[in-house]
Amino acid sequence: RRPRHAGQERCQRVKREEASGYHQALSFLAASEQLRRGNLAHYDDTWHIVENGEAVPPSAVFSDCAVKPSVSEYARAEKAAEKAWISHSVISFDYRVVEVPRNRLLDPACDALVFGHLPAGSPQRRSAEALPQRRLIVIDETVNDLYGARVRAYFEARQVQHEILVLPMTEENKTMDLALEVAKKMKQFNIDRRTEPVIAIGGGVCLDVVGLAATLFRRRTPYI
C-alpha cells in the first residue's frame with residue numbers, strides 16, 4: 001500500500017503542477033492579448049493608460065500600442081510610488097517598390113527618382129509635387145564613372161537642388177567610417193527626413209552603408 005500511496009501522491013502533485021502551469025500560461029496569454037489590443041488613449045495633450053471600462057472623451061485617439069503597469073519589485077511598500085511597465089509597441093515598416101522600364105529611370109521626363117517612393121495620386125505625392133525638391137545622392141564610384149554625368153543631368157533638368165557624394169562602395173571598404181562619412185554629409189546637406197529621402201545608387205554595399213547612416217542620422221530617415 002505504501003508504494004502505491006506514494007505513487008498516487010506524486011501523480012497528484014504532478015497534476016497540480018501541470019494545472020498551475022496551465023493557468024499561468026492562460027494568464028500570460030490573456031495579458032498578452034490585452035496588450036495587443038492597445039490601452040493607450042490620447043487626449044488633453046497627453047497619453048493615458050485606459051483600464052477596461054474607463055470612460056474617455058469622445059475625441060480621444062486610441063493607439064495599437066499598450067502599457068501594462070505594476071508595482072516595482074524593488075518598491076519598499078505595496079502602495080509605493082515606484083512602478084514597473086511592460087510596453088507592447090506596434091511598429092509599422094512599410095515601403096513602396098516601383099519598377100521603371102529599361103532606359104527610362106534617368107530620363108528627365110520620368111519623375112521616379114524624385115517622387116516614385118510616393119504612391120501616384122496620393123495626398124503625400126501631390127503635396128511633394130507642389131514643393132521645391134532637394135536630394136542628397138550617394139553613388140558608388142564605379143557607377144558614377146558609368147552614369148554620373150546622366151545622374152547630374154537628370155536632377156538639373158528636373159530643377160532639383162542636389163549634392164552628390166561619390167564613395168568606393170566595396171566589401172573591403174564597408175566600414176563604420178564610411179557610414180559616418182555619409183551621415184556627416186546628411187548633416188551638412190541638412191536633409192529633412194520627412195520630405196527628402198536620401199538616394200543611394202549602387203549595389204548592396206551602397207544600400208547597406210546608406211541604410212545604416214540614415215538610421216544613425218535620425219530615426220526613420222528614408223532612403224531610396
# chains A, B, ... in the order shown; residues from 1 in each chain; ligands from 1
$ residues_around --residues "stretch 96-106 of chain A" --least-positions-apart "4" --cutoff "12 Å" --atoms "only C-alpha atoms" --output "PyMOL selection string"
chain A and resi 110-120+147-158+201+222-224
$ write_last_selection --atoms "C-alpha atoms" --output "PDB file, in the first residue's frame"
ATOM      1  CA  CYS A 110      10.330  60.329 -65.704  1.00  0.00           C
ATOM      2  CA  ASP A 111       9.897  61.506 -62.101  1.00  0.00           C
ATOM      3  CA  ALA A 112      10.534  58.128 -60.435  1.00  0.00           C
ATOM      4  CA  LEU A 113      13.803  59.168 -58.750  1.00  0.00           C
ATOM      5  CA  VAL A 114      12.104  62.206 -57.237  1.00  0.00           C
ATOM      6  CA  PHE A 115       8.558  61.090 -56.446  1.00  0.00           C
ATOM      7  CA  GLY A 116       8.458  57.346 -57.142  1.00  0.00           C
ATOM      8  CA  HIS A 117       8.607  56.451 -53.438  1.00  0.00           C
ATOM      9  CA  LEU A 118       5.142  58.031 -53.011  1.00  0.00           C
ATOM     10  CA  PRO A 119       2.013  56.330 -54.425  1.00  0.00           C
ATOM     11  CA  ALA A 120       0.721  58.027 -57.570  1.00  0.00           C
ATOM     12  CA  TYR A 147      26.305  57.026 -65.173  1.00  0.00           C
ATOM     13  CA  GLY A 148      27.392  60.007 -63.062  1.00  0.00           C
ATOM     14  CA  ALA A 149      27.004  62.552 -65.865  1.00  0.00           C
ATOM     15  CA  ARG A 150      23.479  61.327 -66.634  1.00  0.00           C
ATOM     16  CA  VAL A 151      22.518  61.399 -62.938  1.00  0.00           C
ATOM     17  CA  ARG A 152      23.636  65.031 -62.660  1.00  0.00           C
ATOM     18  CA  ALA A 153      21.878  65.968 -65.881  1.00  0.00           C
ATOM     19  CA  TYR A 154      18.684  64.302 -64.647  1.00  0.00           C
ATOM     20  CA  PHE A 155      18.434  66.299 -61.415  1.00  0.00           C
ATOM     21  CA  GLU A 156      19.487  69.515 -63.125  1.00  0.00           C
ATOM     22  CA  ALA A 157      16.798  69.065 -65.788  1.00  0.00           C
ATOM     23  CA  ARG A 158      14.171  68.493 -63.111  1.00  0.00           C
ATOM     24  CA  ILE A 201      22.832  54.411 -56.334  1.00  0.00           C
ATOM     25  CA  PRO A 222      14.072  57.473 -45.552  1.00  0.00           C
ATOM     26  CA  TYR A 223      16.361  56.370 -48.336  1.00  0.00           C
ATOM     27  CA  ILE A 224      15.836  55.021 -51.835  1.00  0.00           C
TER      28      ILE A 224
END
$ residues_around --residues "A:Leu216" --least-positions-apart "5" --cutoff "12 Å" --atoms "only C-alpha atoms" --output "list in words"
Met176, Ala179, Leu180, Glu181, Val182, Ala183, Lys184, Met186, Lys187, Val209, Val210, Gly211, Thr221 and Pro222 of chain A
$ select_by_dssp --residues "stretch 6-219 of chain A" --states "helix (DSSP H, G or I)" --output "PyMOL selection string"
chain A and resi 6-37+112-115+123-129+141-157+171-173+176-189+204-217
$ residues_around --residues "A:Gln133" --least-positions-apart "4" --cutoff "9 Å" --atoms "only C-alpha atoms" --output "PyMOL selection string"
chain A and resi 114+128-129+159-162+195-196
$ atom_distance --atom1 "atom CA of A:Arg218" --atom2 "atom CA of A:Gly203"
23.0 Å
$ atom_distance --atom1 "atom CA of A:Val138" --atom2 "atom CA of A:Gly121"
27.8 Å
$ atom_distance --atom1 "atom CA of A:Trp85" --atom2 "atom CA of A:Leu40"
13.1 Å
$ closest_residue --among "A:His88, A:Arg134, A:His48, A:Arg125" --to "A:Val198" --atoms "only C-alpha atoms"
A:Arg134
$ residues_around --residues "A:Ile86" --least-positions-apart "3" --cutoff "9 Å" --atoms "only C-alpha atoms" --output "number ranges by chain"
A: 35, 66-70
$ residues_around --residues "A:Ala41" --least-positions-apart "5" --cutoff "8 Å" --atoms "only C-alpha atoms" --output "list in words"
Trp47, His48, Ile49, Val50, Val56, Ala60, Val61, Phe62 and Ser63 of chain A
$ residues_around --residues "A:Cys65" --least-positions-apart "5" --cutoff "6 Å" --atoms "only C-alpha atoms" --output "ChimeraX atom specification"
/A:38,88-90
$ write_last_selection --atoms "C-alpha atoms" --output "PDB file, in the first residue's frame"
ATOM      1  CA  GLY A  38      -3.875  48.583 -27.044  1.00  0.00           C
ATOM      2  CA  HIS A  88       3.988  46.494 -26.228  1.00  0.00           C
ATOM      3  CA  SER A  89       4.811  48.596 -29.291  1.00  0.00           C
ATOM      4  CA  VAL A  90       3.449  48.067 -32.779  1.00  0.00           C
TER       5      VAL A  90
END
$ select_by_dssp --residues "stretch 54-141 of chain A" --states "strand (DSSP E)" --output "list in words"
Val61, Phe62, Ser63, Ala66, Val67, Lys68, Pro69, Ser70, Val71, Lys83, Ala84, Trp85, Ile86, Ser87, His88, Arg134, Arg135, Leu136, Ile137, Val138, Ile139 and Asp140 of chain A
$ write_last_selection --atoms "N, CA, C and O atoms" --output "tab-separated table (two decimals), in the first residue's frame"
chain	number	residue	atom	x	y	z
A	61	VAL	N	-8.03	59.58	-29.09
A	61	VAL	CA	-7.47	58.75	-30.15
A	61	VAL	C	-6.74	57.58	-29.51
A	61	VAL	O	-5.84	57.77	-28.68
A	62	PHE	N	-7.13	56.35	-29.88
A	62	PHE	CA	-6.52	55.16	-29.30
A	62	PHE	C	-5.34	54.68	-30.14
A	62	PHE	O	-5.33	54.82	-31.36
A	63	SER	N	-4.36	54.13	-29.46
A	63	SER	CA	-3.17	53.58	-30.11
A	63	SER	C	-3.24	52.06	-30.10
A	63	SER	O	-3.88	51.46	-29.23
A	66	ALA	N	0.39	49.42	-26.20
A	66	ALA	CA	-0.17	49.24	-24.86
A	66	ALA	C	0.92	49.28	-23.81
A	66	ALA	O	2.08	48.98	-24.08
A	67	VAL	N	0.51	49.67	-22.60
A	67	VAL	CA	1.41	49.68	-21.45
A	67	VAL	C	0.68	49.02	-20.29
A	67	VAL	O	-0.45	49.39	-19.96
A	68	LYS	N	1.29	48.02	-19.67
A	68	LYS	CA	0.70	47.34	-18.52
A	68	LYS	C	1.53	47.66	-17.28
A	68	LYS	O	2.62	47.16	-17.12
A	69	PRO	N	1.01	48.54	-16.41
A	69	PRO	CA	1.78	48.93	-15.22
A	69	PRO	C	1.62	47.94	-14.06
A	69	PRO	O	0.63	47.22	-13.99
A	70	SER	N	2.60	47.94	-13.19
A	70	SER	CA	2.53	47.14	-11.97
A	70	SER	C	3.46	47.80	-10.95
A	70	SER	O	4.19	48.73	-11.27
A	71	VAL	N	3.43	47.29	-9.73
A	71	VAL	CA	4.32	47.80	-8.69
A	71	VAL	C	5.72	47.24	-8.91
A	71	VAL	O	5.88	46.05	-9.21
A	83	LYS	N	7.12	52.13	-9.90
A	83	LYS	CA	6.33	51.29	-10.78
A	83	LYS	C	7.21	50.50	-11.74
A	83	LYS	O	8.40	50.77	-11.89
A	84	ALA	N	6.61	49.54	-12.39
A	84	ALA	CA	7.25	48.81	-13.50
A	84	ALA	C	6.23	48.76	-14.62
A	84	ALA	O	5.02	48.86	-14.39
A	85	TRP	N	6.72	48.63	-15.86
A	85	TRP	CA	5.82	48.58	-17.01
A	85	TRP	C	6.24	47.49	-17.96
A	85	TRP	O	7.42	47.20	-18.11
A	86	ILE	N	5.26	46.90	-18.61
A	86	ILE	CA	5.51	46.10	-19.81
A	86	ILE	C	4.94	46.89	-20.96
A	86	ILE	O	3.75	47.22	-20.98
A	87	SER	N	5.78	47.23	-21.91
A	87	SER	CA	5.36	48.05	-23.05
A	87	SER	C	5.30	47.19	-24.30
A	87	SER	O	6.25	46.49	-24.63
A	88	HIS	N	4.16	47.22	-24.97
A	88	HIS	CA	3.99	46.49	-26.23
A	88	HIS	C	3.83	47.52	-27.34
A	88	HIS	O	2.84	48.25	-27.39
A	134	ARG	N	14.76	68.82	-52.94
A	134	ARG	CA	16.17	68.72	-52.66
A	134	ARG	C	16.51	67.24	-52.47
A	134	ARG	O	15.72	66.50	-51.90
A	135	ARG	N	17.68	66.82	-52.95
A	135	ARG	CA	18.08	65.43	-52.77
A	135	ARG	C	19.58	65.33	-52.55
A	135	ARG	O	20.38	66.01	-53.22
A	136	LEU	N	19.94	64.45	-51.62
A	136	LEU	CA	21.33	64.04	-51.46
A	136	LEU	C	21.46	62.68	-52.12
A	136	LEU	O	20.71	61.75	-51.81
A	137	ILE	N	22.42	62.57	-53.05
A	137	ILE	CA	22.63	61.32	-53.77
A	137	ILE	C	23.98	60.73	-53.35
A	137	ILE	O	25.00	61.42	-53.41
A	138	VAL	N	23.97	59.49	-52.90
A	138	VAL	CA	25.20	58.77	-52.57
A	138	VAL	C	25.38	57.70	-53.65
A	138	VAL	O	24.52	56.85	-53.84
A	139	ILE	N	26.50	57.77	-54.36
A	139	ILE	CA	26.70	56.89	-55.51
A	139	ILE	C	28.05	56.18	-55.44
A	139	ILE	O	29.06	56.77	-55.02
A	140	ASP	N	28.04	54.93	-55.80
A	140	ASP	CA	29.27	54.15	-55.86
A	140	ASP	C	30.17	54.72	-56.97
A	140	ASP	O	29.69	55.12	-58.04
$ closest_residue --among "A:Leu165, A:Gln124, A:Leu207, A:Thr142" --to "A:Gln188" --atoms "only C-alpha atoms"
A:Leu165
